[in-house]
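S.K.: Below you will find the structure I want to go over with you.
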Amino acid sequence: MQLSTKHLLGIKDLQASDIQTILDTATQFKEVLQRPIKKVPTLRDVTIVNLFYENSTRTRISFELAEKRLSADTINFTASNSSVSKGESLLDTVNNILSMKVDMVVMRHSASGAPHFLAKHIPAAIVNAGDGINEHPTQALLDAFSIREKFGSLEGKKCAIIGDIMHSRVALSNIYLLKKMGAEVMVAGPPTLIPVHIREAFDIRVEYNLRKALEWCDVANVLRVQIERQNQVLFSSLREYSLAYGINRKMLDSLSKEIVIMHPGPINRGVELDSDVADSKQSIILQQVENGVAVRMAVLYLLAEKQPTFNA
Amino acid sequence: MKTILTEEQLDITILRLCHQLLENRLQFDDLVLIGIQPRGIFFSDRIVNQINLQIAPQKITYGKLDITFYRDDVRQGLHTLNQTDIPFSIENKSVILVDDVLYTGRTVRAAMDALLAFGRPAKVELCVLIDRRFSREVPIQADYAGKSIDTIITQKVKVLWKERDGKEEVVLL
(Lines give C-alpha, C1' and ligand atoms only; values in the text may rest on other atoms or scores of the structure.)
Protein backbone atom coordinates (compact mmCIF):
# COMPACT_ATOMS: atom_id res chain seq x y z
CA MET A 1 0.00 0.00 0.00
CA GLN A 2 2.91 2.39 -0.63
CA LEU A 3 4.57 3.76 -3.70
CA SER A 4 8.27 3.15 -4.25
CA THR A 5 8.74 6.73 -5.40
CA LYS A 6 8.33 10.18 -3.90
CA HIS A 7 7.36 11.85 -7.19
CA LEU A 8 5.36 10.81 -10.21
CA LEU A 9 7.71 11.90 -12.98
CA GLY A 10 6.97 9.16 -15.47
CA ILE A 11 5.72 5.63 -15.83
CA LYS A 12 9.32 4.66 -16.63
CA ASP A 13 10.30 4.97 -12.94
CA LEU A 14 7.29 3.05 -11.58
CA GLN A 15 7.21 -0.63 -10.71
CA ALA A 16 4.33 -2.86 -11.76
CA SER A 17 3.24 -3.04 -8.10
CA ASP A 18 3.06 0.78 -7.93
CA ILE A 19 0.80 0.85 -10.98
CA GLN A 20 -1.37 -1.84 -9.43
CA THR A 21 -1.62 0.16 -6.17
CA ILE A 22 -2.60 3.35 -8.01
CA LEU A 23 -5.28 1.59 -10.07
CA ASP A 24 -6.71 -0.22 -7.02
CA THR A 25 -6.80 3.02 -5.04
CA ALA A 26 -8.49 4.78 -7.96
CA THR A 27 -11.29 2.18 -7.84
CA GLN A 28 -12.12 3.30 -4.29
CA PHE A 29 -12.01 6.97 -5.29
CA LYS A 30 -14.34 6.28 -8.18
CA GLU A 31 -16.87 5.08 -5.60
CA VAL A 32 -16.38 8.35 -3.68
CA LEU A 33 -17.26 10.24 -6.87
CA GLN A 34 -20.63 8.42 -7.05
CA ARG A 35 -21.66 9.61 -3.57
CA PRO A 36 -24.17 12.43 -3.04
CA ILE A 37 -21.33 14.45 -1.46
CA LYS A 38 -18.31 13.78 -3.66
CA LYS A 39 -15.70 15.10 -1.30
CA VAL A 40 -13.52 13.53 1.39
CA PRO A 41 -11.40 15.42 3.97
CA THR A 42 -8.29 13.31 3.39
CA LEU A 43 -5.80 15.98 2.22
CA ARG A 44 -7.18 18.97 4.10
CA ASP A 45 -3.70 19.82 5.43
CA VAL A 46 -2.03 19.74 2.01
CA THR A 47 -1.50 22.64 -0.37
CA ILE A 48 -0.97 21.90 -4.05
CA VAL A 49 0.12 24.25 -6.81
CA ASN A 50 -0.89 23.56 -10.40
CA LEU A 51 1.95 24.88 -12.48
CA PHE A 52 0.93 24.98 -16.14
CA TYR A 53 3.57 26.29 -18.50
CA GLU A 54 1.61 24.89 -21.44
CA ASN A 55 -2.06 25.04 -22.39
CA SER A 56 -4.42 22.37 -21.14
CA THR A 57 -8.14 21.99 -20.54
CA ARG A 58 -8.85 18.42 -19.46
CA THR A 59 -5.72 17.76 -17.46
CA ARG A 60 -5.83 21.01 -15.52
CA ILE A 61 -9.53 20.80 -14.71
CA SER A 62 -9.17 17.13 -13.85
CA PHE A 63 -6.27 17.76 -11.46
CA GLU A 64 -8.00 20.74 -9.89
CA LEU A 65 -11.18 18.76 -9.37
CA ALA A 66 -9.23 15.83 -7.92
CA GLU A 67 -7.50 18.18 -5.47
CA LYS A 68 -10.77 19.79 -4.43
CA ARG A 69 -12.50 16.42 -4.00
CA LEU A 70 -9.68 15.52 -1.60
CA SER A 71 -10.11 18.84 0.29
CA ALA A 72 -6.59 20.03 -0.56
CA ASP A 73 -5.93 23.75 -0.97
CA THR A 74 -5.06 24.62 -4.55
CA ILE A 75 -3.28 27.43 -6.34
CA ASN A 76 -3.39 27.76 -10.09
CA PHE A 77 -0.54 29.15 -12.05
CA THR A 78 -0.39 29.71 -15.78
CA ALA A 79 2.77 30.95 -17.40
CA SER A 80 1.04 33.48 -19.67
CA ASN A 81 -0.15 35.84 -16.93
CA SER A 82 2.74 35.53 -14.49
CA SER A 83 6.24 36.85 -13.92
CA VAL A 84 7.54 34.21 -16.30
CA SER A 85 6.87 36.76 -19.02
CA LYS A 86 9.22 39.08 -17.10
CA GLY A 87 11.96 36.49 -17.46
CA GLU A 88 11.91 34.66 -14.11
CA SER A 89 13.51 31.21 -14.29
CA LEU A 90 11.61 27.99 -13.58
CA LEU A 91 13.56 27.25 -10.40
CA ASP A 92 13.12 30.79 -9.06
CA THR A 93 9.40 30.71 -9.74
CA VAL A 94 8.94 27.39 -8.00
CA ASN A 95 11.13 28.27 -5.02
CA ASN A 96 9.15 31.45 -4.52
CA ILE A 97 5.91 29.51 -4.56
CA LEU A 98 7.31 26.87 -2.21
CA SER A 99 8.42 29.47 0.32
CA MET A 100 4.69 30.13 0.79
CA LYS A 101 4.47 26.59 2.22
CA VAL A 102 3.26 24.46 -0.66
CA ASP A 103 3.51 20.67 -0.32
CA MET A 104 3.03 19.36 -3.84
CA VAL A 105 3.56 20.59 -7.37
CA VAL A 106 1.54 19.44 -10.36
CA MET A 107 3.42 20.54 -13.42
CA ARG A 108 3.08 20.71 -17.17
CA HIS A 109 5.97 22.07 -19.21
CA SER A 110 6.87 22.16 -22.88
CA ALA A 111 10.45 21.10 -22.14
CA SER A 112 11.00 17.35 -21.74
CA GLY A 113 12.60 16.64 -18.36
CA ALA A 114 11.51 19.87 -16.67
CA PRO A 115 9.82 18.03 -13.76
CA HIS A 116 12.88 15.77 -13.36
CA PHE A 117 15.07 18.86 -13.08
CA LEU A 118 12.74 20.33 -10.48
CA ALA A 119 12.65 17.09 -8.47
CA LYS A 120 16.41 17.32 -8.00
CA HIS A 121 16.24 20.84 -6.59
CA ILE A 122 13.12 21.18 -4.47
CA PRO A 123 11.72 19.23 -1.49
CA ALA A 124 8.06 19.13 -2.58
CA ALA A 125 6.50 16.11 -4.28
CA ILE A 126 6.12 16.57 -8.03
CA VAL A 127 3.45 15.16 -10.29
CA ASN A 128 4.23 15.35 -13.97
CA ALA A 129 1.17 16.50 -15.93
CA GLY A 130 3.00 16.23 -19.24
CA ASP A 131 6.52 17.31 -20.16
CA GLY A 132 7.33 18.10 -23.80
CA ILE A 133 7.47 14.91 -25.88
CA ASN A 134 8.56 12.76 -22.93
CA GLU A 135 5.79 11.48 -20.65
CA HIS A 136 2.22 12.11 -19.48
CA PRO A 137 1.95 9.52 -16.70
CA THR A 138 -1.53 10.29 -15.33
CA GLN A 139 -3.01 10.00 -18.84
CA ALA A 140 -1.47 6.54 -19.24
CA LEU A 141 -2.76 5.54 -15.79
CA LEU A 142 -6.30 6.65 -16.59
CA ASP A 143 -6.12 4.87 -19.95
CA ALA A 144 -5.04 1.71 -18.15
CA PHE A 145 -7.78 2.17 -15.56
CA SER A 146 -10.39 2.51 -18.32
CA ILE A 147 -9.13 -0.59 -20.14
CA ARG A 148 -9.10 -2.54 -16.87
CA GLU A 149 -12.63 -1.38 -16.11
CA LYS A 150 -13.77 -2.57 -19.54
CA PHE A 151 -11.90 -5.89 -19.68
CA GLY A 152 -11.14 -6.73 -16.04
CA SER A 153 -7.39 -6.87 -16.55
CA LEU A 154 -4.58 -5.57 -18.75
CA GLU A 155 -2.68 -8.80 -19.07
CA GLY A 156 -2.60 -10.21 -22.59
CA LYS A 157 -4.82 -7.44 -23.98
CA LYS A 158 -3.88 -6.23 -27.42
CA CYS A 159 -3.55 -2.45 -27.46
CA ALA A 160 -2.81 -0.44 -30.57
CA ILE A 161 -1.66 3.17 -30.26
CA ILE A 162 -2.47 4.93 -33.48
CA GLY A 163 -1.27 8.26 -34.86
CA ASP A 164 1.61 10.63 -34.13
CA ILE A 165 3.82 8.38 -31.98
CA MET A 166 6.90 10.54 -32.51
CA HIS A 167 5.67 13.68 -30.75
CA SER A 168 3.27 12.07 -28.30
CA ARG A 169 3.99 11.90 -24.57
CA VAL A 170 0.75 9.97 -24.20
CA ALA A 171 2.11 7.27 -26.50
CA LEU A 172 5.40 6.92 -24.61
CA SER A 173 3.76 6.70 -21.18
CA ASN A 174 1.22 4.23 -22.51
CA ILE A 175 3.92 2.01 -24.01
CA TYR A 176 5.85 1.89 -20.71
CA LEU A 177 2.72 1.17 -18.71
CA LEU A 178 1.17 -1.44 -20.98
CA LYS A 179 4.47 -3.32 -21.26
CA LYS A 180 4.90 -3.30 -17.46
CA MET A 181 1.39 -4.64 -16.95
CA GLY A 182 1.79 -7.46 -19.45
CA ALA A 183 -0.33 -6.15 -22.32
CA GLU A 184 0.65 -6.57 -25.97
CA VAL A 185 1.45 -3.25 -27.63
CA MET A 186 1.42 -2.10 -31.24
CA VAL A 187 2.07 1.36 -32.60
CA ALA A 188 0.56 2.32 -35.94
CA GLY A 189 0.69 5.42 -38.11
CA PRO A 190 2.50 6.96 -41.04
CA PRO A 191 6.23 6.05 -41.13
CA THR A 192 7.19 9.71 -40.76
CA LEU A 193 5.47 9.86 -37.37
CA ILE A 194 6.90 6.64 -35.90
CA PRO A 195 10.46 6.72 -34.46
CA VAL A 196 12.77 4.46 -36.46
CA HIS A 197 14.08 2.17 -33.71
CA ILE A 198 10.94 1.98 -31.59
CA ARG A 199 10.40 -1.73 -32.35
CA GLU A 200 13.80 -2.74 -30.94
CA ALA A 201 13.77 -0.16 -28.12
CA PHE A 202 10.51 -1.33 -26.57
CA ASP A 203 9.99 -4.78 -28.07
CA ILE A 204 6.62 -3.81 -29.53
CA ARG A 205 4.88 -4.29 -32.87
CA VAL A 206 4.92 -1.62 -35.56
CA GLU A 207 2.29 -1.41 -38.28
CA TYR A 208 1.90 1.11 -41.07
CA ASN A 209 -1.48 -0.13 -42.28
CA LEU A 210 -4.44 1.09 -40.24
CA ARG A 211 -6.78 -1.75 -41.20
CA LYS A 212 -4.26 -4.42 -40.16
CA ALA A 213 -3.71 -2.63 -36.85
CA LEU A 214 -7.44 -2.51 -36.13
CA GLU A 215 -7.89 -6.18 -37.10
CA TRP A 216 -5.18 -7.13 -34.60
CA CYS A 217 -6.16 -5.09 -31.54
CA ASP A 218 -8.77 -5.27 -28.75
CA VAL A 219 -8.34 -1.59 -27.91
CA ALA A 220 -7.35 1.25 -30.22
CA ASN A 221 -5.97 4.32 -28.48
CA VAL A 222 -6.19 6.98 -31.16
CA LEU A 223 -3.90 9.99 -30.73
CA ARG A 224 -4.57 13.54 -31.76
CA VAL A 225 -2.98 14.77 -34.96
CA GLN A 226 -0.94 17.69 -33.74
CA ILE A 227 -2.10 20.26 -36.24
CA GLU A 228 0.44 22.76 -34.88
CA ARG A 229 3.13 20.53 -36.42
CA GLN A 230 1.57 20.85 -39.88
CA ASN A 231 4.40 23.02 -41.19
CA GLN A 232 6.96 20.27 -40.52
CA VAL A 233 5.74 18.40 -43.62
CA LEU A 234 5.47 15.02 -41.88
CA PHE A 235 2.39 14.23 -43.93
CA SER A 236 1.11 16.07 -46.95
CA SER A 237 -2.30 17.26 -45.76
CA LEU A 238 -4.91 16.65 -43.10
CA ARG A 239 -7.19 15.29 -45.79
CA GLU A 240 -4.63 12.74 -46.87
CA TYR A 241 -3.98 11.75 -43.25
CA SER A 242 -7.67 11.28 -42.70
CA LEU A 243 -7.99 9.11 -45.82
CA ALA A 244 -5.16 6.81 -44.78
CA TYR A 245 -5.39 6.86 -40.98
CA GLY A 246 -8.82 8.29 -40.09
CA ILE A 247 -11.13 5.79 -38.41
CA ASN A 248 -14.68 5.76 -39.70
CA ARG A 249 -17.84 3.76 -39.05
CA LYS A 250 -17.57 1.75 -42.23
CA MET A 251 -14.12 0.50 -41.34
CA LEU A 252 -15.11 -0.45 -37.78
CA ASP A 253 -18.18 -2.33 -39.01
CA SER A 254 -16.11 -4.33 -41.48
CA LEU A 255 -13.80 -5.69 -38.76
CA SER A 256 -14.22 -9.27 -37.60
CA LYS A 257 -14.74 -8.20 -33.94
CA GLU A 258 -15.91 -5.17 -31.99
CA ILE A 259 -12.97 -3.15 -30.69
CA VAL A 260 -12.88 -0.40 -28.08
CA ILE A 261 -11.93 3.12 -29.14
CA MET A 262 -10.06 5.49 -26.84
CA HIS A 263 -8.74 9.01 -27.38
CA PRO A 264 -6.85 11.28 -24.95
CA GLY A 265 -8.50 14.39 -26.41
CA PRO A 266 -8.93 16.92 -27.79
CA ILE A 267 -10.40 15.17 -30.84
CA ASN A 268 -9.98 16.53 -34.35
CA ARG A 269 -13.33 15.30 -35.61
CA GLY A 270 -13.16 14.10 -39.18
CA VAL A 271 -9.37 13.79 -39.07
CA GLU A 272 -8.27 10.89 -36.82
CA LEU A 273 -11.81 9.97 -35.71
CA ASP A 274 -15.17 10.44 -37.40
CA SER A 275 -18.01 11.71 -35.23
CA ASP A 276 -20.04 8.53 -35.62
CA VAL A 277 -17.06 6.62 -34.18
CA ALA A 278 -16.20 9.07 -31.40
CA ASP A 279 -19.80 9.22 -30.17
CA SER A 280 -20.60 5.53 -30.61
CA LYS A 281 -21.06 2.80 -27.99
CA GLN A 282 -17.64 1.42 -28.86
CA SER A 283 -15.92 4.59 -27.72
CA ILE A 284 -15.04 5.05 -24.03
CA ILE A 285 -13.65 8.55 -24.48
CA LEU A 286 -15.94 10.22 -21.94
CA GLN A 287 -15.41 7.40 -19.43
CA GLN A 288 -11.68 8.11 -19.76
CA VAL A 289 -12.28 11.71 -18.73
CA GLU A 290 -14.46 10.61 -15.80
CA ASN A 291 -11.85 8.10 -14.65
CA GLY A 292 -9.16 10.77 -14.91
CA VAL A 293 -10.39 12.47 -11.74
CA ALA A 294 -10.40 9.22 -9.73
CA VAL A 295 -6.93 8.25 -10.96
CA ARG A 296 -5.48 11.67 -10.15
CA MET A 297 -7.06 11.56 -6.69
CA ALA A 298 -5.32 8.22 -6.16
CA VAL A 299 -1.94 9.59 -7.27
CA LEU A 300 -2.19 12.69 -5.05
CA TYR A 301 -3.39 10.64 -2.09
CA LEU A 302 -0.58 8.10 -2.38
CA LEU A 303 2.12 10.76 -2.82
CA ALA A 304 0.83 12.93 0.03
CA GLU A 305 1.65 10.14 2.45
CA LYS A 306 5.32 10.72 1.66
CA GLN A 307 5.03 14.26 3.01
CA PRO A 308 6.17 15.06 6.56
CA THR A 309 3.36 14.99 9.13
CA PHE A 310 2.57 17.65 11.70
CA ASN A 311 4.89 16.32 14.37
CA ALA A 312 7.77 15.45 12.06
CA MET B 1 -4.13 -15.44 25.96
CA LYS B 2 -7.56 -15.44 27.54
CA THR B 3 -10.85 -16.35 25.91
CA ILE B 4 -13.49 -13.66 26.33
CA LEU B 5 -16.26 -15.29 24.32
CA THR B 6 -16.41 -18.87 23.08
CA GLU B 7 -18.18 -19.77 19.85
CA GLU B 8 -21.36 -20.66 21.71
CA GLN B 9 -21.33 -17.49 23.80
CA LEU B 10 -20.70 -15.47 20.64
CA ASP B 11 -23.84 -16.92 19.02
CA ILE B 12 -25.94 -16.14 22.10
CA THR B 13 -24.52 -12.59 22.31
CA ILE B 14 -25.32 -11.87 18.66
CA LEU B 15 -28.86 -13.17 19.07
CA ARG B 16 -29.32 -11.01 22.16
CA LEU B 17 -28.05 -7.90 20.38
CA CYS B 18 -30.48 -8.51 17.50
CA HIS B 19 -33.39 -8.68 19.91
CA GLN B 20 -32.25 -5.49 21.61
CA LEU B 21 -31.93 -3.73 18.24
CA LEU B 22 -35.48 -4.76 17.33
CA GLU B 23 -37.40 -4.51 20.60
CA ASN B 24 -37.94 -0.73 20.59
CA ARG B 25 -39.10 -0.55 16.99
CA LEU B 26 -42.57 -0.97 15.52
CA GLN B 27 -41.56 -0.90 11.90
CA PHE B 28 -38.32 -1.39 10.03
CA ASP B 29 -38.76 0.71 6.85
CA ASP B 30 -36.47 3.48 8.03
CA LEU B 31 -33.93 1.26 9.76
CA VAL B 32 -30.47 1.10 8.12
CA LEU B 33 -27.52 -0.98 9.25
CA ILE B 34 -24.02 0.13 8.27
CA GLY B 35 -21.03 -2.16 8.91
CA ILE B 36 -17.62 -0.54 9.26
CA GLN B 37 -14.89 -1.98 6.99
CA PRO B 38 -12.91 -4.12 7.24
CA ARG B 39 -13.36 -5.99 10.51
CA GLY B 40 -16.86 -4.88 11.44
CA ILE B 41 -18.26 -6.59 8.36
CA PHE B 42 -18.13 -10.17 9.65
CA PHE B 43 -20.07 -9.08 12.73
CA SER B 44 -22.58 -6.93 10.82
CA ASP B 45 -23.17 -9.76 8.30
CA ARG B 46 -24.26 -11.99 11.16
CA ILE B 47 -26.46 -9.34 12.75
CA VAL B 48 -28.17 -8.69 9.41
CA ASN B 49 -28.75 -12.40 8.75
CA GLN B 50 -30.27 -12.85 12.18
CA ILE B 51 -32.48 -9.74 11.95
CA ASN B 52 -33.71 -10.74 8.48
CA LEU B 53 -34.76 -14.11 9.94
CA GLN B 54 -36.65 -12.36 12.72
CA ILE B 55 -38.51 -9.84 10.57
CA ALA B 56 -39.07 -12.01 7.46
CA PRO B 57 -40.40 -11.44 4.83
CA GLN B 58 -39.14 -7.89 5.33
CA LYS B 59 -35.44 -7.19 4.81
CA ILE B 60 -33.27 -4.65 6.52
CA THR B 61 -31.36 -2.07 4.43
CA TYR B 62 -27.67 -2.91 4.77
CA GLY B 63 -24.54 -1.03 3.69
CA LYS B 64 -20.79 -1.18 4.20
CA LEU B 65 -18.59 1.80 4.91
CA ASP B 66 -14.83 2.24 4.52
CA ILE B 67 -13.55 5.14 6.62
CA THR B 68 -9.94 5.38 5.40
CA PHE B 69 -10.39 8.77 3.73
CA TYR B 70 -11.83 10.21 6.95
CA ARG B 71 -9.16 8.98 9.38
CA ASP B 72 -7.33 11.52 11.51
CA ASP B 73 -4.03 9.67 10.96
CA VAL B 74 -3.94 9.52 7.14
CA ARG B 75 -0.52 11.11 7.03
CA GLN B 76 1.02 8.66 9.51
CA GLY B 77 1.05 5.75 7.08
CA LEU B 78 -1.39 4.43 4.54
CA HIS B 79 -4.13 1.97 5.33
CA THR B 80 -5.43 -0.67 2.97
CA LEU B 81 -8.57 0.54 1.26
CA ASN B 82 -11.80 -1.42 1.32
CA GLN B 83 -15.00 -1.21 -0.64
CA THR B 84 -17.69 1.23 0.46
CA ASP B 85 -21.10 -0.03 -0.61
CA ILE B 86 -23.99 2.27 0.31
CA PRO B 87 -26.20 2.38 -2.81
CA PHE B 88 -29.02 4.22 -1.03
CA SER B 89 -29.64 7.54 0.72
CA ILE B 90 -29.67 7.62 4.52
CA GLU B 91 -31.60 10.90 4.59
CA ASN B 92 -34.00 10.80 7.58
CA LYS B 93 -33.20 7.14 8.26
CA SER B 94 -32.43 5.61 11.62
CA VAL B 95 -28.87 4.35 11.21
CA ILE B 96 -27.12 1.74 13.32
CA LEU B 97 -23.34 1.70 12.93
CA VAL B 98 -21.82 -1.73 13.54
CA ASP B 99 -18.21 -2.51 14.45
CA ASP B 100 -16.52 -5.37 16.23
CA VAL B 101 -14.41 -3.66 18.91
CA LEU B 102 -14.91 -0.19 20.41
CA TYR B 103 -11.59 1.03 21.78
CA THR B 104 -10.38 4.64 21.38
CA GLY B 105 -13.56 5.71 19.57
CA ARG B 106 -11.61 7.33 16.74
CA THR B 107 -12.87 4.90 14.10
CA VAL B 108 -16.48 5.66 15.06
CA ARG B 109 -15.78 9.39 14.96
CA ALA B 110 -14.44 9.01 11.42
CA ALA B 111 -17.40 6.80 10.49
CA MET B 112 -19.88 9.45 11.64
CA ASP B 113 -18.09 12.01 9.49
CA ALA B 114 -18.10 9.66 6.50
CA LEU B 115 -21.77 8.88 6.99
CA LEU B 116 -22.79 12.49 6.42
CA ALA B 117 -21.70 12.21 2.78
CA PHE B 118 -24.68 9.91 2.22
CA GLY B 119 -27.38 12.15 3.67
CA ARG B 120 -28.57 13.50 7.02
CA PRO B 121 -29.81 10.60 9.15
CA ALA B 122 -32.62 11.14 11.66
CA LYS B 123 -30.65 9.23 14.27
CA VAL B 124 -27.34 7.35 14.54
CA GLU B 125 -26.72 4.59 17.06
CA LEU B 126 -23.69 2.42 17.69
CA CYS B 127 -23.65 -1.34 18.13
CA VAL B 128 -20.40 -3.14 19.00
CA LEU B 129 -19.49 -6.68 19.91
CA ILE B 130 -16.79 -5.82 22.44
CA ASP B 131 -16.61 -2.57 24.41
CA ARG B 132 -13.16 -1.90 25.90
CA ARG B 133 -14.23 0.31 28.77
CA PHE B 134 -12.26 3.32 30.07
CA SER B 135 -9.95 3.54 27.06
CA ARG B 136 -11.77 6.15 24.98
CA GLU B 137 -9.84 9.07 23.46
CA VAL B 138 -12.99 10.85 22.22
CA PRO B 139 -16.41 11.13 23.90
CA ILE B 140 -18.20 8.25 22.16
CA GLN B 141 -20.17 5.41 23.77
CA ALA B 142 -21.97 2.37 22.40
CA ASP B 143 -25.77 2.10 22.51
CA TYR B 144 -25.61 -1.68 22.23
CA ALA B 145 -22.63 -3.70 23.43
CA GLY B 146 -22.16 -7.47 23.30
CA LYS B 147 -19.74 -7.54 26.19
CA SER B 148 -17.90 -4.86 28.13
CA ILE B 149 -14.38 -5.66 29.31
CA ASP B 150 -11.62 -3.88 31.22
CA THR B 151 -8.27 -3.85 29.47
CA ILE B 152 -4.95 -2.05 29.55
CA ILE B 153 -3.28 -0.38 26.60
CA THR B 154 -0.72 -3.14 25.95
CA GLN B 155 -3.45 -5.76 25.56
CA LYS B 156 -5.15 -6.57 22.26
CA VAL B 157 -8.62 -7.88 21.65
CA LYS B 158 -8.82 -10.25 18.72
CA VAL B 159 -12.10 -11.38 17.18
CA LEU B 160 -11.82 -14.55 15.11
CA TRP B 161 -14.39 -15.42 12.44
CA LYS B 162 -14.97 -18.74 10.67
CA GLU B 163 -14.78 -17.26 7.16
CA ARG B 164 -11.38 -15.75 7.75
CA ASP B 165 -9.71 -17.49 10.68
CA GLY B 166 -11.25 -20.96 10.57
CA LYS B 167 -12.74 -20.68 14.04
CA GLU B 168 -15.02 -18.39 15.95
CA GLU B 169 -14.12 -16.76 19.28
CA VAL B 170 -13.01 -13.56 20.99
CA VAL B 171 -9.65 -13.58 22.79
CA LEU B 172 -7.57 -11.16 24.83
CA LEU B 173 -3.85 -11.13 23.95
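In the C-alpha coordinates, each chain is lettered A, B, ... as it comes, each chain's residues begin at 1, and ligands are numbered from 1 in order of appearance.
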Would you please extract all strand (DSSP E) residues from chain B, as assigned by DSSP on the backbone, and give them as a PyMOL selection string?

M.R.: chain B and resi 2-5+31-36+61-65+94-102+123-133+144-150+157-160+169-172

S.K.: Determine, counting only C-alpha atoms, which protein, DNA and RNA residues have an atom within 10 Å of an atom of A:His121; residues of the same chain fewer than 6 positions away are not included. Present the result as a list in words.

M.R.: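 Neighbouring residues, sequence-local ones excluded: Leu91, Val94 and Asn95 of chain A.
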
S.K.: Which residues of chain B sit at most 12 Å from chain A, using only C-alpha atoms? Give each one's shortest atom pair and distance in Å (one decimal place), in chain and ascending residue order, as CSV.

M.R.:
```
residue,atom,partner,partner_atom,distance
B:Leu65,CA,A:Val32,CA,11.0
B:Asp66,CA,A:Gln28,CA,9.3
B:Ile67,CA,A:Val40,CA,9.9
B:Thr68,CA,A:Thr42,CA,8.3
B:Phe69,CA,A:Thr42,CA,5.0
B:Tyr70,CA,A:Thr42,CA,5.9
B:Arg71,CA,A:Thr42,CA,7.4
B:Asp72,CA,A:Thr42,CA,8.4
B:Asp73,CA,A:Thr309,CA,9.3
B:Val74,CA,A:Thr42,CA,6.9
B:Arg75,CA,A:Glu305,CA,5.2
B:Gln76,CA,A:Thr309,CA,6.8
B:Gly77,CA,A:Glu305,CA,6.4
B:Leu78,CA,A:Met1,CA,6.5
B:His79,CA,A:Met1,CA,7.0
B:Thr80,CA,A:Met1,CA,6.2
B:Leu81,CA,A:Thr25,CA,7.0
B:Asn82,CA,A:Gln28,CA,7.3
B:Gln83,CA,A:Gln28,CA,6.5
B:Thr84,CA,A:Glu31,CA,7.2
B:Asp85,CA,A:Glu31,CA,8.3
B:Ile86,CA,A:Arg35,CA,8.6
B:Pro87,CA,A:Arg35,CA,8.6
B:Phe88,CA,A:Arg35,CA,9.5
B:Ser89,CA,A:Pro36,CA,8.2
B:Ile90,CA,A:Pro36,CA,10.5
B:Glu91,CA,A:Pro36,CA,10.8
B:Ala110,CA,A:Pro41,CA,10.3
B:Ala111,CA,A:Val40,CA,12.0
B:Asp113,CA,A:Pro41,CA,9.3
B:Ala114,CA,A:Val40,CA,7.9
B:Leu115,CA,A:Ile37,CA,10.1
B:Leu116,CA,A:Ile37,CA,8.3
B:Ala117,CA,A:Ile37,CA,4.8
B:Phe118,CA,A:Pro36,CA,5.9
B:Gly119,CA,A:Pro36,CA,7.4
B:Arg120,CA,A:Pro36,CA,11.0
```

S.K.: Could you check which of A:Phe235, A:Trp216, A:Tyr53, A:Tyr245 is closest to A:Ser89, using only C-alpha atoms?

M.R.: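 So, comparing all the options, the nearest one is A:Tyr53.
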
S.K.: Taking the DSSP secondary structure from the backbone, can you list the residues of stretch 16-250 of chain A that are alpha helix (DSSP H), as a ChimeraX atom specification?

M.R.: /A:16-32,58-69,90-98,114-121,137-151,169-180,198-202,210-216,238-245,249-250

S.K.: Neighbouring residues of A:Cys217 were defined as those with any atom within 12 Å, considering only C-alpha atoms; residues of the same chain fewer than 3 positions away were excluded. Please report them as a PyMOL selection string.

M.R.: chain A and resi 156-162+183-188+205+207+210-214+220-221+252+255-261

S.K.: Using only C-alpha atoms, determine which residues lie at most 8 Å from stretch 33-35 of chain B, disregarding the query and same-chain residues fewer than 2 positions distant; provide the list as a ChimeraX atom specification.

M.R.: /B:31,37,40-41,43-45,48,60-65,95-99
